[in-house]
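Chemist: There's a structure below that I have some questions on.
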Amino acid sequence: MSTMKAAKVTSPGVVEIVQVPIPTTGKGQVRIKVISCGICHSDNITLYGAMGTQLPRIPGHEVLGVVDEIGEGVTGLVKGQEVGVGWFGGNHCGKCTSCLQNEWILCKESLVCGLNYDGGYAEYCVAPADAIVKIPSGMDPIASSPLLCAGVTVYNSFRNQNIKSGSVVGVQGLGGLGHLAIQFVKKMGYQVAALSSGSSKEALARELGASYYFDMSNQSWVAECQKLDVKCILVTAPNGNIIPTMVKSLGINGKLVLLAAVTEPFSVDGIELLGQKKSIIGWASGDSRDTEDTFNFAKHNCVKPMVQPVSLEEAADRLKNISQAKFRYVISFQK
Ligand SMILES: [Zn+2]
Ligand SMILES: [Zn+2]
């Protein structure tokens, strides 16, 4: 039997490099020969067996590679074609309330790649066909894998907010999601205000396209920000303590969009919301169709994830120390 190399979580916090049988496709499935897989903060859910994740499990939900085997009943794909799988791992039912409202990602039957089935920290990965993202030609296969989760999360959340182009849009946090959010929002036709703590990230934020930069460690930033009438802030590095201040900094009708999990409770002034028609909403990434749109937008508008390639052997250590990542670690099987 042919085997492949994989980084597998064998018990909470323990990752082992193992040789395992190459998975084969069942009905409606596709096998990908993996070229790259981004290391996402959410891979920690698998690493620690959280959210009911069954271990052992191979993590990874920014899987990019080529079609290697096509299961029974799958149409529209050819062997060797570049494809990917993101957080939305397919298997939506098509019949439930969420599916009937076209929200595949909210379907209770939907799976998450690398959580509910083995993901991309391996040479091969098998996924349901509805999870497959067709990658447009000409994309760098290592550098573009973060578009499968980080990219679609910022692009798809923002395009659904119906903000008038030309408005000022804030991007809080300048890590894996934030550095992409600045590029996407700028290229979608808005002025970007980057929000971060300290001044060390200002040069980078401006290089990526930000017109304004606010140092949130300096109390005066709120009053300065209010002058811009900011219509939306994408919150990519949340912390319950700063949410009330960010609500204050929004302009009228402003929306605070939470893109990463705020785990602690927070309270906001209801008068602030009501009196200025402000709102706070959460957004759950996007499905494979949204991700194809993300890739096409990125390709034609030169949105480029900034990545640090690592080997499969280095992946566990990088995941455990993900806060030290400058942008996105990406496992490269070409390395
Ligand atoms: Zn992710
Ligand atoms: Zn459903």
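We label chains A, B, ... in the order they appear in the structure tokens, count residues from 1 in each chain, and number ligands from 1 in the order shown.
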List all protein, DNA and RNA residues that have any atom at most 7 Å from ligand 1, counting only C-alpha atoms and all ligand atoms, and write the list as a PyMOL selection string.
Modeler: chain A and resi 40-43+61-62+87+149-150
Chemist: How close does each residue of chain A get to ligand 2, giving the shortest atom pair and distance in Å to one decimal for every residue with an atom at most 9 Å away, counting only C-alpha atoms and all ligand atoms, sorted by chain and residue number, as a Markdown table?
Modeler:
| residue | atom | partner | partner_atom_place_in_ligand_line | distance |
| --- | --- | --- | --- | --- |
| A:Asn91 | CA | ligand 2 | 1 (Zn) | 8.5 |
| A:His92 | CA | ligand 2 | 1 (Zn) | 5.0 |
| A:Cys93 | CA | ligand 2 | 1 (Zn) | 3.9 |
| A:Gly94 | CA | ligand 2 | 1 (Zn) | 4.8 |
| A:Lys95 | CA | ligand 2 | 1 (Zn) | 5.2 |
| A:Cys96 | CA | ligand 2 | 1 (Zn) | 4.1 |
| A:Thr97 | CA | ligand 2 | 1 (Zn) | 6.6 |
| A:Ser98 | CA | ligand 2 | 1 (Zn) | 5.6 |
| A:Cys99 | CA | ligand 2 | 1 (Zn) | 4.3 |
| A:Leu100 | CA | ligand 2 | 1 (Zn) | 7.4 |
| A:Asn102 | CA | ligand 2 | 1 (Zn) | 8.8 |
| A:Glu103 | CA | ligand 2 | 1 (Zn) | 8.0 |
| A:Trp104 | CA | ligand 2 | 1 (Zn) | 6.3 |
| A:Ile105 | CA | ligand 2 | 1 (Zn) | 8.5 |
| A:Leu106 | CA | ligand 2 | 1 (Zn) | 7.4 |
| A:Cys107 | CA | ligand 2 | 1 (Zn) | 4.0 |
| A:Lys108 | CA | ligand 2 | 1 (Zn) | 6.0 |
| A:Glu109 | CA | ligand 2 | 1 (Zn) | 5.9 |
| A:Ser110 | CA | ligand 2 | 1 (Zn) | 7.1 |
Chemist: Take the residues from that selection and write them out as an mmCIF file, in the first residue's frame, keeping N, CA, C and O atoms.
Modeler:
data_model
loop_
_atom_site.group_PDB
_atom_site.id
_atom_site.type_symbol
_atom_site.label_atom_id
_atom_site.label_comp_id
_atom_site.auth_asym_id
_atom_site.auth_seq_id
_atom_site.Cartn_x
_atom_site.Cartn_y
_atom_site.Cartn_z
ATOM 1 N N ASN A 91 -19.894 19.095 2.117
ATOM 2 C CA ASN A 91 -20.921 18.206 2.669
ATOM 3 C C ASN A 91 -22.209 18.924 3.072
ATOM 4 O O ASN A 91 -22.988 18.408 3.857
ATOM 5 N N HIS A 92 -22.450 20.132 2.531
ATOM 6 C CA HIS A 92 -23.692 20.829 2.882
ATOM 7 C C HIS A 92 -24.883 20.015 2.366
ATOM 8 O O HIS A 92 -24.777 19.338 1.330
ATOM 9 N N CYS A 93 -26.015 20.075 3.077
ATOM 10 C CA CYS A 93 -27.126 19.166 2.765
ATOM 11 C C CYS A 93 -28.006 19.653 1.612
ATOM 12 O O CYS A 93 -28.652 18.856 0.946
ATOM 13 N N GLY A 94 -28.062 20.963 1.413
ATOM 14 C CA GLY A 94 -28.883 21.503 0.335
ATOM 15 C C GLY A 94 -30.374 21.631 0.659
ATOM 16 O O GLY A 94 -31.144 22.119 -0.156
ATOM 17 N N LYS A 95 -30.783 21.185 1.874
ATOM 18 C CA LYS A 95 -32.225 21.161 2.193
ATOM 19 C C LYS A 95 -32.601 21.951 3.447
ATOM 20 O O LYS A 95 -33.754 22.254 3.657
ATOM 21 N N CYS A 96 -31.615 22.228 4.301
ATOM 22 C CA CYS A 96 -31.946 22.844 5.599
ATOM 23 C C CYS A 96 -32.221 24.345 5.438
ATOM 24 O O CYS A 96 -32.049 24.914 4.368
ATOM 25 N N THR A 97 -32.625 24.968 6.531
ATOM 26 C CA THR A 97 -32.946 26.402 6.500
ATOM 27 C C THR A 97 -31.744 27.220 6.018
ATOM 28 O O THR A 97 -31.897 28.142 5.222
ATOM 29 N N SER A 98 -30.556 26.880 6.495
ATOM 30 C CA SER A 98 -29.349 27.624 6.085
ATOM 31 C C SER A 98 -29.073 27.425 4.603
ATOM 32 O O SER A 98 -28.843 28.392 3.865
ATOM 33 N N CYS A 99 -29.111 26.164 4.154
ATOM 34 C CA CYS A 99 -28.832 25.883 2.738
ATOM 35 C C CYS A 99 -29.852 26.563 1.828
ATOM 36 O O CYS A 99 -29.501 27.088 0.777
ATOM 37 N N LEU A 100 -31.139 26.566 2.253
ATOM 38 C CA LEU A 100 -32.165 27.182 1.417
ATOM 39 C C LEU A 100 -31.984 28.695 1.334
ATOM 40 O O LEU A 100 -32.493 29.339 0.435
ATOM 41 N N ASN A 102 -28.979 29.813 1.037
ATOM 42 C CA ASN A 102 -27.684 29.858 0.345
ATOM 43 C C ASN A 102 -26.496 30.014 1.290
ATOM 44 O O ASN A 102 -25.414 30.417 0.869
ATOM 45 N N GLU A 103 -26.686 29.734 2.577
ATOM 46 C CA GLU A 103 -25.614 29.855 3.574
ATOM 47 C C GLU A 103 -25.012 28.471 3.828
ATOM 48 O O GLU A 103 -25.193 27.893 4.897
ATOM 49 N N TRP A 104 -24.286 27.944 2.846
ATOM 50 C CA TRP A 104 -23.717 26.605 2.980
ATOM 51 C C TRP A 104 -22.862 26.478 4.238
ATOM 52 O O TRP A 104 -22.842 25.448 4.890
ATOM 53 N N ILE A 105 -22.153 27.538 4.548
ATOM 54 C CA ILE A 105 -21.199 27.454 5.655
ATOM 55 C C ILE A 105 -21.901 27.304 7.002
ATOM 56 O O ILE A 105 -21.318 26.825 7.972
ATOM 57 N N LEU A 106 -23.174 27.694 7.061
ATOM 58 C CA LEU A 106 -23.911 27.588 8.323
ATOM 59 C C LEU A 106 -24.707 26.286 8.423
ATOM 60 O O LEU A 106 -25.350 26.024 9.433
ATOM 61 N N CYS A 107 -24.671 25.454 7.381
ATOM 62 C CA CYS A 107 -25.397 24.175 7.398
ATOM 63 C C CYS A 107 -24.820 23.269 8.480
ATOM 64 O O CYS A 107 -23.607 23.141 8.614
ATOM 65 N N LYS A 108 -25.705 22.650 9.249
ATOM 66 C CA LYS A 108 -25.259 21.768 10.338
ATOM 67 C C LYS A 108 -24.521 20.530 9.820
ATOM 68 O O LYS A 108 -23.767 19.899 10.536
ATOM 69 N N GLU A 109 -24.793 20.177 8.560
ATOM 70 C CA GLU A 109 -24.122 18.999 7.978
ATOM 71 C C GLU A 109 -22.739 19.343 7.424
ATOM 72 O O GLU A 109 -21.957 18.447 7.109
ATOM 73 N N SER A 110 -22.451 20.632 7.272
ATOM 74 C CA SER A 110 -21.168 21.035 6.692
ATOM 75 C C SER A 110 -20.010 20.608 7.579
ATOM 76 O O SER A 110 -20.112 20.631 8.804
#
Chemist: Using only C-alpha atoms, which of the listed residues (A:Met306, A:Ile35, A:Val112, A:Met246) sits closest to Leu64 (chain A)?
Modeler: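 Using only C-alpha atoms, Leu64 (chain A) sits closest to A:Ile35.
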Chemist: Could you tell me, as a PyMOL selection string, which residues of region 23-223 of chain A DSSP assigns to strand (DSSP E) when given the backbone?
Modeler: chain A and resi 29-38+63-70+82-85+124-128+133-134+168-172+191-196+212-215
Chemist: Looking at only C-alpha atoms, which of A:Ser332, A:Lys299, A:Gly240, A:Gly49 is the one that sits closest to Phe266 (chain A)?
Modeler: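 Using only C-alpha atoms, the shortest distance to Phe266 (chain A) belongs to A:Gly240.
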